[in-house]
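**Student:** Here you go, upload_4.cif (mmCIF, C-alpha atoms):
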```cif
data_final
loop_
_atom_site.label_atom_id
_atom_site.label_comp_id
_atom_site.auth_asym_id
_atom_site.auth_seq_id
_atom_site.Cartn_x
_atom_site.Cartn_y
_atom_site.Cartn_z
CA MET A 949 9.53 -5.51 29.68
CA LYS A 950 7.81 -3.75 26.79
CA LYS A 951 9.80 -2.84 23.68
CA ASN A 952 9.40 0.63 22.20
CA LEU A 953 8.59 0.58 18.48
CA LEU A 954 9.00 3.77 16.47
CA PHE A 955 7.44 4.09 12.99
CA TRP A 956 8.97 6.30 10.28
CA CYS A 957 6.82 6.95 7.20
CA PRO A 958 6.92 10.57 5.91
CA PHE A 959 4.61 10.80 2.90
CA LEU A 960 3.72 13.41 0.29
CA SER A 961 0.48 11.89 -1.07
CA ASN A 962 -2.22 9.47 -0.03
CA VAL A 963 -0.50 6.14 -0.74
CA GLY A 964 -1.21 2.62 0.51
CA THR A 965 1.89 2.63 2.70
CA ILE A 966 0.16 5.06 5.08
CA SER A 967 -2.52 2.49 5.81
CA ALA A 968 0.14 -0.21 6.16
CA THR A 969 2.01 1.90 8.72
CA LEU A 970 -1.11 2.77 10.73
CA LYS A 971 -2.43 -0.77 10.77
CA SER A 972 0.96 -2.22 11.68
CA ALA A 973 1.35 0.20 14.59
CA GLU A 974 -2.22 -0.46 15.67
CA ALA A 975 -1.76 -4.23 15.54
CA LEU A 976 1.37 -4.10 17.67
CA SER A 977 -0.10 -1.55 20.11
CA HIS A 978 -2.79 -4.11 20.97
CA SER A 979 -0.09 -6.39 22.34
CA ASN A 980 1.21 -6.04 25.88
CA LYS A 981 4.70 -6.58 24.46
CA PHE A 982 5.09 -3.20 22.74
CA ASN A 983 4.71 0.57 23.06
CA CYS A 984 4.11 2.07 19.60
CA LYS A 985 5.00 5.56 18.38
CA ILE A 986 4.67 7.21 14.96
CA ILE A 987 6.92 10.08 13.90
CA ASN A 988 4.93 12.97 12.43
CA VAL A 989 7.85 14.53 10.57
CA PHE A 990 6.50 17.76 9.04
CA GLY A 991 2.75 17.57 9.65
CA GLU A 992 1.86 14.77 7.24
CA PHE A 993 0.11 12.88 10.05
CA ASP A 994 -1.71 15.89 11.56
CA ASP A 995 -5.09 14.58 10.39
CA TYR A 996 -4.49 11.29 12.21
CA SER A 997 -3.93 12.69 15.71
CA GLN A 998 -7.33 11.56 16.99
CA ILE A 999 -6.77 8.08 15.54
CA PHE A 1000 -3.45 7.87 17.38
CA LYS A 1001 -5.18 8.70 20.66
CA ARG A 1002 -7.93 6.12 20.12
CA LYS A 1003 -5.44 3.42 19.17
CA LYS A 1004 -3.03 4.32 22.01
CA ILE A 1005 -0.23 5.21 19.60
CA LYS A 1006 2.06 8.01 20.71
CA GLU A 1007 2.61 10.80 18.18
CA ILE A 1008 6.12 12.26 17.92
CA LYS A 1009 6.09 15.72 16.29
CA LEU A 1010 9.54 16.10 14.81
CA ILE A 1011 9.58 19.47 12.95
CA LYS A 1012 7.47 21.98 14.87
CA ASN A 1013 7.27 24.44 11.97
CA ARG A 1014 4.74 23.23 9.37
CA PHE A 1015 6.11 25.20 6.37
CA ILE A 1016 6.98 22.01 4.42
CA LYS A 1017 3.36 20.93 4.61
CA LYS A 1018 2.33 24.06 2.66
CA ILE A 1019 4.67 23.43 -0.29
CA PRO A 1020 3.11 21.81 -3.42
CA LYS A 1021 3.65 18.05 -3.58
CA GLU A 1022 2.67 17.01 -7.12
CA GLY A 1023 5.22 16.62 -9.89
CA PHE A 1024 8.88 15.58 -10.04
CA PHE A 1025 10.35 18.97 -9.11
CA TRP A 1026 8.11 19.58 -6.09
CA SER A 1027 8.43 16.04 -4.77
CA ARG A 1028 12.24 16.18 -4.94
CA LEU A 1029 12.26 19.60 -3.28
CA ASN A 1030 10.08 18.25 -0.47
CA TYR A 1031 12.38 15.28 0.05
CA LEU A 1032 15.42 17.57 0.17
CA LEU A 1033 13.79 19.91 2.71
CA ILE A 1034 12.68 16.99 4.87
CA PHE A 1035 16.23 15.63 4.83
CA ILE A 1036 17.74 19.00 5.80
CA PHE A 1037 15.26 20.08 8.46
CA ALA A 1038 14.53 16.67 10.00
CA LEU A 1039 18.13 15.44 10.20
CA PHE A 1040 19.13 16.89 13.56
CA PRO A 1041 15.70 16.60 15.25
CA LEU A 1042 15.72 12.92 14.31
CA PHE A 1043 19.30 12.51 15.52
CA PHE A 1044 18.56 14.06 18.92
CA TYR A 1045 15.37 12.05 19.34
CA LEU A 1046 17.00 8.71 18.46
CA LYS A 1047 20.04 9.44 20.62
CA LYS A 1048 17.77 10.13 23.59
CA ASN A 1049 15.60 7.09 22.85
CA ASN A 1050 18.39 4.73 21.86
CA LYS A 1051 16.47 1.57 22.79
CA ASP A 1052 13.68 2.31 20.33
CA ILE A 1053 13.39 -0.09 17.41
CA LEU A 1054 12.78 1.93 14.27
CA PHE A 1055 10.36 0.61 11.64
CA VAL A 1056 11.27 2.34 8.38
CA TYR A 1057 8.67 2.50 5.59
CA LEU A 1058 9.35 5.51 3.33
CA LEU A 1059 12.25 7.92 2.76
CA SER A 1060 14.63 5.38 4.27
CA SER A 1061 17.78 7.33 3.37
CA LEU A 1062 17.41 9.81 6.24
CA PRO A 1063 17.11 7.41 9.23
CA PHE A 1064 19.70 5.13 7.65
CA PHE A 1065 22.09 8.06 7.29
CA VAL A 1066 21.50 9.36 10.82
CA ILE A 1067 21.89 6.01 12.55
CA SER A 1068 24.94 4.97 10.52
CA VAL A 1069 26.91 8.24 10.38
CA PHE A 1070 26.34 9.14 14.05
CA LYS A 1071 26.76 5.49 15.12
CA LEU A 1072 23.53 5.39 17.09
CA SER A 1073 22.53 2.17 18.81
CA ASN A 1074 18.94 2.07 17.54
CA LYS A 1075 18.08 -1.02 15.51
CA ILE A 1076 16.00 -0.97 12.33
CA ILE A 1077 13.28 -3.11 10.81
CA PHE A 1078 13.10 -2.05 7.18
CA ARG A 1079 9.83 -2.59 5.32
CA ILE A 1080 10.46 -2.23 1.58
CA SER A 1081 7.58 -0.35 -0.04
CA GLY A 1082 6.52 0.14 -3.64
CA LYS A 1083 8.49 -0.23 -6.84
CA VAL A 1084 12.19 -0.10 -6.01
CA LYS A 1085 14.85 1.21 -8.35
CA TYR A 1086 18.12 -0.33 -7.25
CA ASN A 1087 20.40 2.54 -8.23
CA PHE A 1088 23.95 2.95 -6.96
CA LEU A 1089 23.17 5.57 -4.30
CA ARG A 1090 20.24 3.67 -2.81
CA LYS A 1091 22.21 0.42 -2.62
CA LYS A 1092 25.16 2.25 -1.05
CA ILE A 1093 23.01 3.82 1.69
CA TRP A 1094 21.31 0.50 2.41
CA SER A 1095 24.70 -1.23 2.61
CA ILE A 1096 26.06 1.37 5.02
CA ALA A 1097 23.08 0.85 7.32
CA ASN A 1098 23.29 -2.94 7.09
CA ASP A 1099 24.76 -3.49 10.57
CA SER A 1100 21.86 -1.62 12.18
CA ILE A 1101 19.16 -3.46 10.24
CA LEU A 1102 17.67 -6.43 12.07
CA ASN A 1103 15.31 -7.51 9.31
CA VAL A 1104 14.09 -6.48 5.88
CA LEU A 1105 10.38 -7.15 5.41
CA ILE A 1106 9.14 -7.81 1.89
CA GLN A 1107 5.58 -8.38 0.63
CA THR A 1108 5.99 -10.64 -2.41
CA SER A 1109 8.12 -13.52 -3.62
CA PHE A 1110 9.14 -11.39 -6.61
CA ALA A 1111 10.45 -8.64 -4.31
CA LYS A 1112 12.37 -11.21 -2.29
CA LYS A 1113 14.04 -12.71 -5.37
CA GLN A 1114 14.91 -9.25 -6.65
CA LEU A 1115 16.42 -8.19 -3.32
CA ILE A 1116 18.44 -11.41 -3.01
CA ARG A 1117 19.79 -10.85 -6.51
CA GLU A 1118 21.08 -7.41 -5.51
CA ASN A 1119 23.11 -9.05 -2.70
CA ILE A 1120 22.80 -6.09 -0.28
CA PHE A 1121 21.59 -7.92 2.83
CA ASN A 1122 22.34 -11.32 4.32
CA LEU A 1123 19.73 -13.87 3.28
CA ASP A 1124 18.64 -14.54 6.86
CA LYS A 1125 17.65 -10.89 7.29
CA ILE A 1126 15.13 -10.96 4.44
CA ILE A 1127 11.70 -11.94 5.75
CA TYR A 1128 8.46 -12.45 3.85
CA LEU A 1129 5.80 -10.79 6.01
CA VAL A 1130 2.65 -9.10 4.70
CA ASP A 1131 1.03 -6.12 6.41
CA PRO A 1132 -2.01 -6.53 8.70
CA ILE A 1133 -4.37 -4.72 6.35
CA ILE A 1134 -7.40 -7.01 6.67
CA ASN A 1135 -9.87 -6.80 9.53
CA LEU A 1136 -12.79 -8.96 8.42
CA LYS A 1137 -15.07 -7.84 11.23
CA LYS A 1138 -14.60 -4.19 10.28
CA ILE A 1139 -14.88 -4.87 6.54
CA ASN A 1140 -18.11 -6.82 6.97
CA LYS A 1141 -19.56 -3.86 8.86
CA LEU A 1142 -18.39 -1.24 6.36
CA LYS A 1143 -19.56 -3.09 3.27
CA LYS A 1144 -23.17 -2.96 4.52
CA ILE A 1145 -23.23 0.85 4.37
CA LYS A 1146 -25.23 2.17 1.42
CA ILE A 1147 -23.47 3.52 -1.65
CA GLN A 1148 -24.60 6.56 -3.64
CA LYS A 1149 -28.24 6.15 -4.66
CA LYS A 1150 -27.57 6.67 -8.37
CA PHE A 1151 -25.43 3.50 -8.49
CA LEU A 1152 -27.77 1.19 -6.56
CA ASN A 1153 -29.52 -0.27 -9.60
CA LYS A 1154 -26.49 -0.32 -11.88
CA GLN A 1155 -24.41 -3.35 -12.75
CA PHE A 1156 -20.81 -2.21 -12.34
CA TYR A 1157 -17.19 -3.20 -11.86
CA VAL A 1158 -14.87 -1.14 -9.67
CA ALA A 1159 -11.30 0.08 -10.01
CA VAL A 1160 -9.68 1.70 -6.99
CA GLY A 1161 -6.59 3.87 -6.57
CA ARG A 1162 -5.06 7.29 -7.05
CA LEU A 1163 -5.62 8.79 -10.48
CA THR A 1164 -1.98 8.47 -11.49
CA ARG A 1165 0.04 6.91 -14.28
CA GLN A 1166 0.78 3.90 -12.07
CA LYS A 1167 -2.88 2.84 -11.94
CA ASN A 1168 -3.15 3.05 -15.75
CA PHE A 1169 -6.81 4.12 -15.76
CA LEU A 1170 -6.43 5.80 -19.17
CA PHE A 1171 -5.70 2.37 -20.61
CA LEU A 1172 -8.56 0.81 -18.66
CA ILE A 1173 -11.14 3.25 -20.02
CA SER A 1174 -9.96 2.72 -23.60
CA ALA A 1175 -9.80 -1.06 -23.25
CA ILE A 1176 -13.20 -1.48 -21.61
CA GLU A 1177 -15.12 0.95 -23.85
CA ILE A 1178 -16.72 -1.60 -26.20
CA ILE A 1179 -17.35 -4.09 -23.39
CA LEU A 1180 -19.34 -1.58 -21.33
CA LYS A 1181 -21.52 -0.55 -24.25
CA LYS A 1182 -22.06 -4.08 -25.55
CA ARG A 1183 -22.87 -5.69 -22.18
CA ASN A 1184 -24.73 -2.78 -20.58
CA LEU A 1185 -22.15 -2.54 -17.80
CA ASN A 1186 -20.62 0.36 -15.88
CA LEU A 1187 -17.22 1.15 -14.42
CA LEU A 1188 -16.75 3.06 -11.17
CA ILE A 1189 -13.27 4.44 -10.49
CA LEU A 1190 -12.69 5.34 -6.84
CA GLY A 1191 -9.85 7.76 -6.15
CA GLU A 1192 -8.41 11.21 -6.78
CA GLY A 1193 -5.20 12.40 -8.37
CA GLU A 1194 -3.43 14.48 -10.96
CA GLN A 1195 -4.85 12.60 -13.97
CA ARG A 1196 -8.50 13.46 -13.23
CA GLN A 1197 -8.77 16.02 -16.04
CA GLU A 1198 -7.18 13.65 -18.57
CA LEU A 1199 -9.57 10.90 -17.52
CA GLU A 1200 -12.58 13.20 -17.74
CA ASN A 1201 -11.52 14.28 -21.23
CA LEU A 1202 -11.12 10.66 -22.36
CA ILE A 1203 -14.54 9.72 -20.95
CA LYS A 1204 -16.12 12.56 -22.95
CA GLU A 1205 -14.15 11.67 -26.07
CA LYS A 1206 -15.34 8.05 -25.87
CA LYS A 1207 -18.92 9.19 -25.05
CA LEU A 1208 -18.85 7.13 -21.85
CA GLU A 1209 -20.36 9.72 -19.49
CA ASN A 1210 -23.19 7.29 -18.69
CA ARG A 1211 -20.88 4.27 -18.34
CA VAL A 1212 -17.67 5.38 -16.59
CA PHE A 1213 -17.89 7.35 -13.35
CA LEU A 1214 -15.03 9.03 -11.48
CA VAL A 1215 -16.50 8.67 -8.00
CA GLY A 1216 -13.63 10.44 -6.21
CA PHE A 1217 -11.87 9.46 -3.01
CA LYS A 1218 -14.02 7.31 -0.72
CA LYS A 1219 -13.04 6.63 2.86
CA ASN A 1220 -15.20 3.51 2.73
CA ILE A 1221 -14.42 1.59 -0.45
CA PHE A 1222 -15.85 -1.68 0.82
CA SER A 1223 -19.51 -0.82 0.25
CA TYR A 1224 -18.73 -0.13 -3.42
CA ILE A 1225 -16.68 -3.31 -3.83
CA HIS A 1226 -19.43 -5.32 -2.12
CA LYS A 1227 -22.10 -4.04 -4.54
CA SER A 1228 -19.89 -4.54 -7.59
CA GLU A 1229 -19.55 -7.46 -10.00
CA GLY A 1230 -15.83 -7.55 -9.26
CA LEU A 1231 -12.57 -5.61 -9.13
CA ILE A 1232 -10.41 -4.59 -12.08
CA CYS A 1233 -6.76 -3.70 -11.45
CA SER A 1234 -5.02 -2.16 -14.48
CA SER A 1235 -1.83 -1.04 -12.68
CA LEU A 1236 1.59 -0.82 -14.28
CA TRP A 1237 3.14 -1.92 -10.99
CA GLU A 1238 2.02 -2.76 -7.45
CA GLU A 1239 3.84 -3.81 -4.29
CA PRO A 1240 1.84 -5.68 -3.27
CA GLY A 1241 -1.48 -4.03 -4.22
CA PHE A 1242 -3.65 -3.95 -1.09
CA ILE A 1243 -6.85 -3.44 -3.06
CA ILE A 1244 -6.47 -7.02 -4.31
CA GLN A 1245 -6.64 -8.42 -0.79
CA GLU A 1246 -9.43 -6.02 0.14
CA ALA A 1247 -11.52 -7.18 -2.82
CA ALA A 1248 -10.79 -10.79 -1.89
CA ALA A 1249 -11.99 -10.07 1.65
CA CYS A 1250 -15.27 -8.81 0.11
CA LYS A 1251 -15.56 -12.13 -1.75
CA LYS A 1252 -15.28 -10.61 -5.21
CA ILE A 1253 -13.78 -11.96 -8.40
CA ILE A 1254 -10.67 -10.12 -9.60
CA LEU A 1255 -9.31 -9.23 -13.04
CA THR A 1256 -5.79 -7.82 -12.91
CA SER A 1257 -2.85 -6.96 -15.12
CA ASN A 1258 0.25 -9.13 -14.85
CA CYS A 1259 2.18 -6.14 -13.47
CA GLN A 1260 5.04 -6.58 -11.06
CA SER A 1261 4.67 -7.79 -8.53
CA GLY A 1262 1.79 -8.47 -6.15
CA PRO A 1263 -1.63 -8.92 -7.80
CA ALA A 1264 -0.90 -11.87 -10.11
CA GLU A 1265 1.15 -13.55 -7.39
CA PHE A 1266 -1.73 -13.32 -4.90
CA LEU A 1267 -4.07 -14.86 -7.50
CA GLU A 1268 -1.52 -17.64 -8.06
CA PHE A 1269 -0.97 -16.46 -11.64
CA GLY A 1270 -4.51 -17.19 -12.83
CA LYS A 1271 -5.55 -20.05 -10.58
CA ASN A 1272 -7.73 -17.81 -8.40
CA GLY A 1273 -8.54 -14.89 -10.71
CA PHE A 1274 -8.14 -13.60 -14.25
CA ILE A 1275 -4.95 -11.99 -15.55
CA PHE A 1276 -4.28 -9.96 -18.70
CA LEU A 1277 -1.04 -8.68 -20.21
CA SER A 1278 -0.36 -5.20 -18.86
CA GLY A 1279 -1.28 -2.49 -21.37
CA ASN A 1280 -2.53 -5.00 -23.95
CA HIS A 1281 -6.07 -4.21 -25.22
CA LYS A 1282 -6.63 -7.59 -26.87
CA SER A 1283 -5.50 -9.52 -23.79
CA PHE A 1284 -7.74 -7.38 -21.57
CA LYS A 1285 -10.83 -8.00 -23.73
CA ASN A 1286 -10.13 -11.74 -24.02
CA ASN A 1287 -9.67 -12.18 -20.28
CA PHE A 1288 -12.68 -10.03 -19.43
CA SER A 1289 -14.79 -12.25 -21.71
CA LYS A 1290 -13.21 -15.32 -20.13
CA MET A 1291 -14.16 -14.00 -16.69
CA ILE A 1292 -17.78 -13.61 -17.81
CA ARG A 1293 -17.92 -17.04 -19.49
CA LYS A 1294 -16.42 -18.94 -16.57
CA ARG A 1295 -18.69 -17.72 -13.79
CA LYS A 1296 -18.90 -21.28 -12.45
CA LEU A 1297 -15.23 -21.01 -11.45
CA HIS A 1298 -15.72 -17.80 -9.47
CA ARG A 1299 -16.94 -19.44 -6.27
CA LYS A 1300 -13.90 -21.71 -5.99
CA MET A 1301 -11.51 -18.87 -6.80
CA ILE A 1302 -13.11 -16.62 -4.19
CA GLU A 1303 -12.97 -19.37 -1.56
CA ASN A 1304 -9.27 -19.95 -2.26
CA ASN A 1305 -8.52 -16.23 -1.95
CA MET A 1306 -10.46 -16.01 1.33
CA ARG A 1307 -8.28 -18.74 2.82
CA LYS A 1308 -5.20 -16.61 2.10
CA ILE A 1309 -6.67 -13.54 3.75
CA ASN A 1310 -5.76 -14.76 7.26
CA ASN A 1311 -2.11 -14.06 6.40
CA TYR A 1312 -3.04 -10.35 6.36
CA SER A 1313 -4.59 -10.37 9.83
CA GLU A 1314 -3.51 -8.40 12.87
CA LYS A 1315 -2.97 -11.58 14.86
CA ASN A 1316 -0.62 -13.10 12.30
CA PHE A 1317 1.45 -9.90 11.99
CA GLN A 1318 1.62 -9.45 15.75
CA LYS A 1319 2.83 -13.01 16.30
CA LYS A 1320 5.55 -12.86 13.63
CA ILE A 1321 6.93 -9.50 14.72
CA TYR A 1322 7.06 -10.70 18.31
CA ASN A 1323 9.02 -13.78 17.21
CA LEU A 1324 11.43 -11.65 15.16
CA LEU A 1325 12.19 -9.35 18.08
CA ASN A 1326 12.04 -11.86 20.87
CA PHE A 1327 14.46 -14.36 19.40
CA THR A 1328 17.12 -12.04 18.06
CA ASN A 1329 20.40 -12.03 19.93
CA ASN A 1330 20.34 -8.26 20.18
CA PHE A 1331 17.71 -8.24 22.93
#
```
For the file at hand, write its structure as structure tokens.
**Tutor:**
Amino acid sequence: MKKNLLFWCPFLSNVGTISATLKSAEALSHSNKFNCKIINVFGEFDDYSQIFKRKKIKEIKLIKNRFIKKIPKEGFFWSRLNYLLIFIFALFPLFFYLKKNNKDILFVYLLSSLPFFVISVFKLSNKIIFRISGKVKYNFLRKKIWSIANDSILNVLIQTSFAKKQLIRENIFNLDKIIYLVDPIINLKKINKLKKIKIQKKFLNKQFYVAVGRLTRQKNFLFLISAIEIILKKRNLNLLILGEGEQRQELENLIKEKKLENRVFLVGFKKNIFSYIHKSEGLICSSLWEEPGFIIQEAAACKKIILTSNCQSGPAEFLEFGKNGFIFLSGNHKSFKNNFSKMIRKRKLHRKMIENNMRKINNYSEKNFQKKIYNLLNFTNNF
């Protein structure tokens, strides 16, 4: 008998967790063991309706009125207001849906407090698989809510060894509930097809490195532009930054200030990043934090060398702390320049590093994820 899997991931901006949710649901929908559904809470998934149909994922529209979707999302005040409104207006629709579908297993990705609260307070029988996303602040309220929901949580999925150690240290969940399982974000067949698509003509004959992500403080692109300035001019190189976000104006101003208009290019959001990565010399990740940093695995799948900050917690761990890539101290200009130069000097090591990273990519496959989730659900005593 098929198990019904319900995915909860309300989001305010275009973050990597959206892709993780979609690809996880897609991977499991391909199995004859599961029926997959995604909750479209306030309209955040409206643009994905056609994808749901193609992938045979059922869309659950929770709040019929789309007024929350129209409220600004950027900034601390607006984000907190959105979270509050989602909590208030989604609480009872979620309660009634879960009560009616009490055999559904709920995969929780973002805004975990609401489903945890609903299931715990109303004593619903739905079980939870909790996928911890992003940089977690273990404050009192968050830990309390997680503890209250503990009995309903079957497993807690983490993406890095660092995250696992941190979670164990907090002593919220039993050790046997904490599972290391990465998301099925890599489809080599699809990537190999996408990377062959031509990039913008003006970049075809340029030698460039790429940086990918939202233009936010987290990605630390202001630091990257300052740190790489001399390198680009001295070595006749270019930097392409793929992404959009609230720091665009600041980045544009810095590029003009540094007179890098012909070296650093804000390419904007690209649905297909793989063609740019494929044509590049390599990937640079300057982030202040990542969990785990999917662009690292995506660059590895394109067989590219990687230079990353030692931010917590995913990139350096994936590169085995310098064995399979180059790592600089986060926010440190001197360390960045030294390791960039080291990357250039030691080109003979690149092939081996790339091969090692490619071997790890299978862990991020649909097949691997599907198998491990099936084992988690099939062998638990609750079913």
**Student:** What is the CA of Arg1002 in chain A-CA of Ser1060 in chain A distance in Å, reported with one decimal?
**Tutor:**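 Going from CA of Arg1002 in chain A over to CA of Ser1060 in chain A covers 27.6 Å.
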**Student:** Tell me, counting all atoms listed in the file, for each residue of range 1281-1327 of chain A within 12 Å of range 1106-1130 of chain A, which pair of atoms is nearest and how far apart they are in Å to one decimal, in rows ordered by chain and increasing number, as a tab-separated table.
**Tutor:**
```
residue	atom	partner	partner_atom	distance
A:Lys1308	CA	A:Val1130	CA	11.2
A:Ile1309	CA	A:Val1130	CA	10.4
A:Asn1310	CA	A:Val1130	CA	10.5
A:Asn1311	CA	A:Val1130	CA	7.1
A:Tyr1312	CA	A:Val1130	CA	6.1
A:Ser1313	CA	A:Val1130	CA	9.0
A:Glu1314	CA	A:Val1130	CA	10.3
A:Lys1315	CA	A:Val1130	CA	11.9
A:Asn1316	CA	A:Val1130	CA	9.2
A:Phe1317	CA	A:Val1130	CA	7.4
A:Gln1318	CA	A:Leu1129	CA	10.7
A:Lys1319	CA	A:Leu1129	CA	10.9
A:Lys1320	CA	A:Leu1129	CA	7.9
A:Ile1321	CA	A:Leu1129	CA	8.9
A:Asn1323	CA	A:Ile1127	CA	11.9
A:Leu1324	CA	A:Ile1127	CA	9.4
```
**Student:** Output as CSV one row per residue of range 1188-1233 of chain A within 9 Å of range 1153-1159 of chain A: the closest atom pair and its distance in Å to one decimal place, counting only C-alpha atoms, sorted by chain and residue number ascending.
**Tutor:**
```
residue,atom,partner,partner_atom,distance
A:Leu1188,CA,A:Val1158,CA,4.8
A:Ile1189,CA,A:Ala1159,CA,4.8
A:Leu1190,CA,A:Ala1159,CA,6.3
A:Gly1191,CA,A:Ala1159,CA,8.7
A:Arg1211,CA,A:Phe1156,CA,8.8
A:Tyr1224,CA,A:Val1158,CA,7.4
A:Ile1225,CA,A:Val1158,CA,6.5
A:Lys1227,CA,A:Phe1156,CA,8.1
A:Ser1228,CA,A:Tyr1157,CA,5.2
A:Glu1229,CA,A:Tyr1157,CA,5.2
A:Gly1230,CA,A:Tyr1157,CA,5.2
A:Leu1231,CA,A:Val1158,CA,5.1
A:Ile1232,CA,A:Ala1159,CA,5.2
A:Cys1233,CA,A:Ala1159,CA,6.1
```
**Student:** Any chance you could resolve the PyMOL selection byres ((chain A and resi 1026-1043) around 7) against this file and give the residues as a PyMOL selection string?
**Tutor:** chain A and resi 1010-1011+1016+1020-1025+1044-1047+1062+1066
**Student:** Given 5 Å on each side, where is the centre and what are the edge lengths in Å to one decimal of the axis-aligned box enclosing the listed atoms of range 1281-1286 of chain A, as lines of an AutoDock Vina configuration file?
**Tutor:**
```
center_x = -8.2
center_y = -8.0
center_z = -24.2
size_x = 15.3
size_y = 17.5
size_z = 15.3
```
**Student:** Report as a list in words the full result of the PyMOL selection byres ((chain A and resi 1268) around 12) when it is applied to this structure.
**Tutor:**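 When the PyMOL selection byres ((chain A and resi 1268) around 12) is applied, the selected residues are Thr1108, Ser1109, Ile1254, Thr1256, Asn1258, Ser1261, Gly1262, Pro1263, Ala1264, Glu1265, Phe1266, Leu1267, Phe1269, Gly1270, Lys1271, Asn1272, Gly1273, Phe1274, Ile1275, Met1301, Asn1304, Asn1305 and Lys1308 of chain A.
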**Student:** Using the chain letters and numbers from the file, which residues does the PyMOL selection byres ((chain A and resi 1140) around 12) grab, as a list in words?
**Tutor:**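 This file gives the following for the PyMOL selection byres ((chain A and resi 1140) around 12): Ile1134, Asn1135, Leu1136, Lys1137, Lys1138, Ile1139, Lys1141, Leu1142, Lys1143, Lys1144, Ile1145, Asn1220, Ile1221, Phe1222, Ser1223, Ile1225, His1226, Glu1246, Ala1247, Ala1249, Cys1250 and Lys1251 of chain A.
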**Student:** Take the residues that were just selected and, keeping C-alpha atoms, output them as a short mmCIF file (atom, residue, chain, number, x, y, z; two decimals), in the coordinates of the input.
**Tutor:**
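Saved file selection.cif follows:
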```
data_model
loop_
_atom_site.label_atom_id
_atom_site.label_comp_id
_atom_site.auth_asym_id
_atom_site.auth_seq_id
_atom_site.Cartn_x
_atom_site.Cartn_y
_atom_site.Cartn_z
CA ILE A 1134 -7.40 -7.01 6.67
CA ASN A 1135 -9.87 -6.80 9.53
CA LEU A 1136 -12.79 -8.96 8.42
CA LYS A 1137 -15.07 -7.84 11.23
CA LYS A 1138 -14.60 -4.19 10.28
CA ILE A 1139 -14.88 -4.87 6.54
CA LYS A 1141 -19.56 -3.86 8.86
CA LEU A 1142 -18.39 -1.24 6.36
CA LYS A 1143 -19.56 -3.09 3.27
CA LYS A 1144 -23.17 -2.96 4.52
CA ILE A 1145 -23.23 0.85 4.37
CA ASN A 1220 -15.20 3.51 2.73
CA ILE A 1221 -14.42 1.59 -0.45
CA PHE A 1222 -15.85 -1.68 0.82
CA SER A 1223 -19.51 -0.82 0.25
CA ILE A 1225 -16.68 -3.31 -3.83
CA HIS A 1226 -19.43 -5.32 -2.12
CA GLU A 1246 -9.43 -6.02 0.14
CA ALA A 1247 -11.52 -7.18 -2.82
CA ALA A 1249 -11.99 -10.07 1.65
CA CYS A 1250 -15.27 -8.81 0.11
CA LYS A 1251 -15.56 -12.13 -1.75
#
```
**Student:** Find the distance between CA of Leu970 in chain A and CA of Lys1017 in chain A and write it in Å to one decimal.
**Tutor:** 19.7 Å
**Student:** Counting only C-alpha atoms, which residues have an atom no more than 9 Å from (3.7, -6.7, 24.3) in the file's coordinates? Please list them as number ranges by chain.
**Tutor:** A: 949-951, 976-983, 1322
**Student:** Distance CA of Asp995 in chain A-CA of Gly964 in chain A, one decimal place?
**Tutor:**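 Interatomic distance, CA of Asp995 in chain A to CA of Gly964 in chain A: 16.0 Å.
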**Student:** Compute the distance from (2.1, -1.2, -15.9) to each atom, counting only C-alpha atoms, keep the residues with any atom at most 12 Å away, and return them as a compact mmCIF listing (two decimals) with C-alpha atoms, in the coordinates of the input; use the coordinates of the file.
**Tutor:**
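Output file selection35.txt is given in full below:
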```txt
# COMPACT_ATOMS: atom_id res chain seq x y z
CA LYS A 1083 8.49 -0.23 -6.84
CA THR A 1164 -1.98 8.47 -11.49
CA ARG A 1165 0.04 6.91 -14.28
CA GLN A 1166 0.78 3.90 -12.07
CA LYS A 1167 -2.88 2.84 -11.94
CA ASN A 1168 -3.15 3.05 -15.75
CA PHE A 1169 -6.81 4.12 -15.76
CA LEU A 1170 -6.43 5.80 -19.17
CA PHE A 1171 -5.70 2.37 -20.61
CA LEU A 1172 -8.56 0.81 -18.66
CA CYS A 1233 -6.76 -3.70 -11.45
CA SER A 1234 -5.02 -2.16 -14.48
CA SER A 1235 -1.83 -1.04 -12.68
CA LEU A 1236 1.59 -0.82 -14.28
CA TRP A 1237 3.14 -1.92 -10.99
CA GLU A 1238 2.02 -2.76 -7.45
CA THR A 1256 -5.79 -7.82 -12.91
CA SER A 1257 -2.85 -6.96 -15.12
CA ASN A 1258 0.25 -9.13 -14.85
CA CYS A 1259 2.18 -6.14 -13.47
CA GLN A 1260 5.04 -6.58 -11.06
CA SER A 1261 4.67 -7.79 -8.53
CA PRO A 1263 -1.63 -8.92 -7.80
CA PHE A 1276 -4.28 -9.96 -18.70
CA LEU A 1277 -1.04 -8.68 -20.21
CA SER A 1278 -0.36 -5.20 -18.86
CA GLY A 1279 -1.28 -2.49 -21.37
CA ASN A 1280 -2.53 -5.00 -23.95
```
**Student:** Once you count only C-alpha atoms, what closest atom pair and distance in Å to one decimal does each residue of range 1148-1255 of chain A within 9 Å of range 1288-1291 of chain A have, with rows by chain and rising residue number, as a Markdown table?
**Tutor:**
```
| residue | atom | partner | partner_atom | distance |
| --- | --- | --- | --- | --- |
| A:Ile1176 | CA | A:Phe1288 | CA | 8.8 |
| A:Ile1179 | CA | A:Phe1288 | CA | 8.5 |
| A:Ile1253 | CA | A:Met1291 | CA | 8.5 |
| A:Ile1254 | CA | A:Met1291 | CA | 8.8 |
| A:Leu1255 | CA | A:Phe1288 | CA | 7.3 |
```
**Student:** Keeping C-alpha atoms, export the residues of the selection given above as a compact mmCIF listing (two decimals), keeping the file's coordinate frame.
**Tutor:**
```
# COMPACT_ATOMS: atom_id res chain seq x y z
CA ILE A 1176 -13.20 -1.48 -21.61
CA ILE A 1179 -17.35 -4.09 -23.39
CA ILE A 1253 -13.78 -11.96 -8.40
CA ILE A 1254 -10.67 -10.12 -9.60
CA LEU A 1255 -9.31 -9.23 -13.04
```
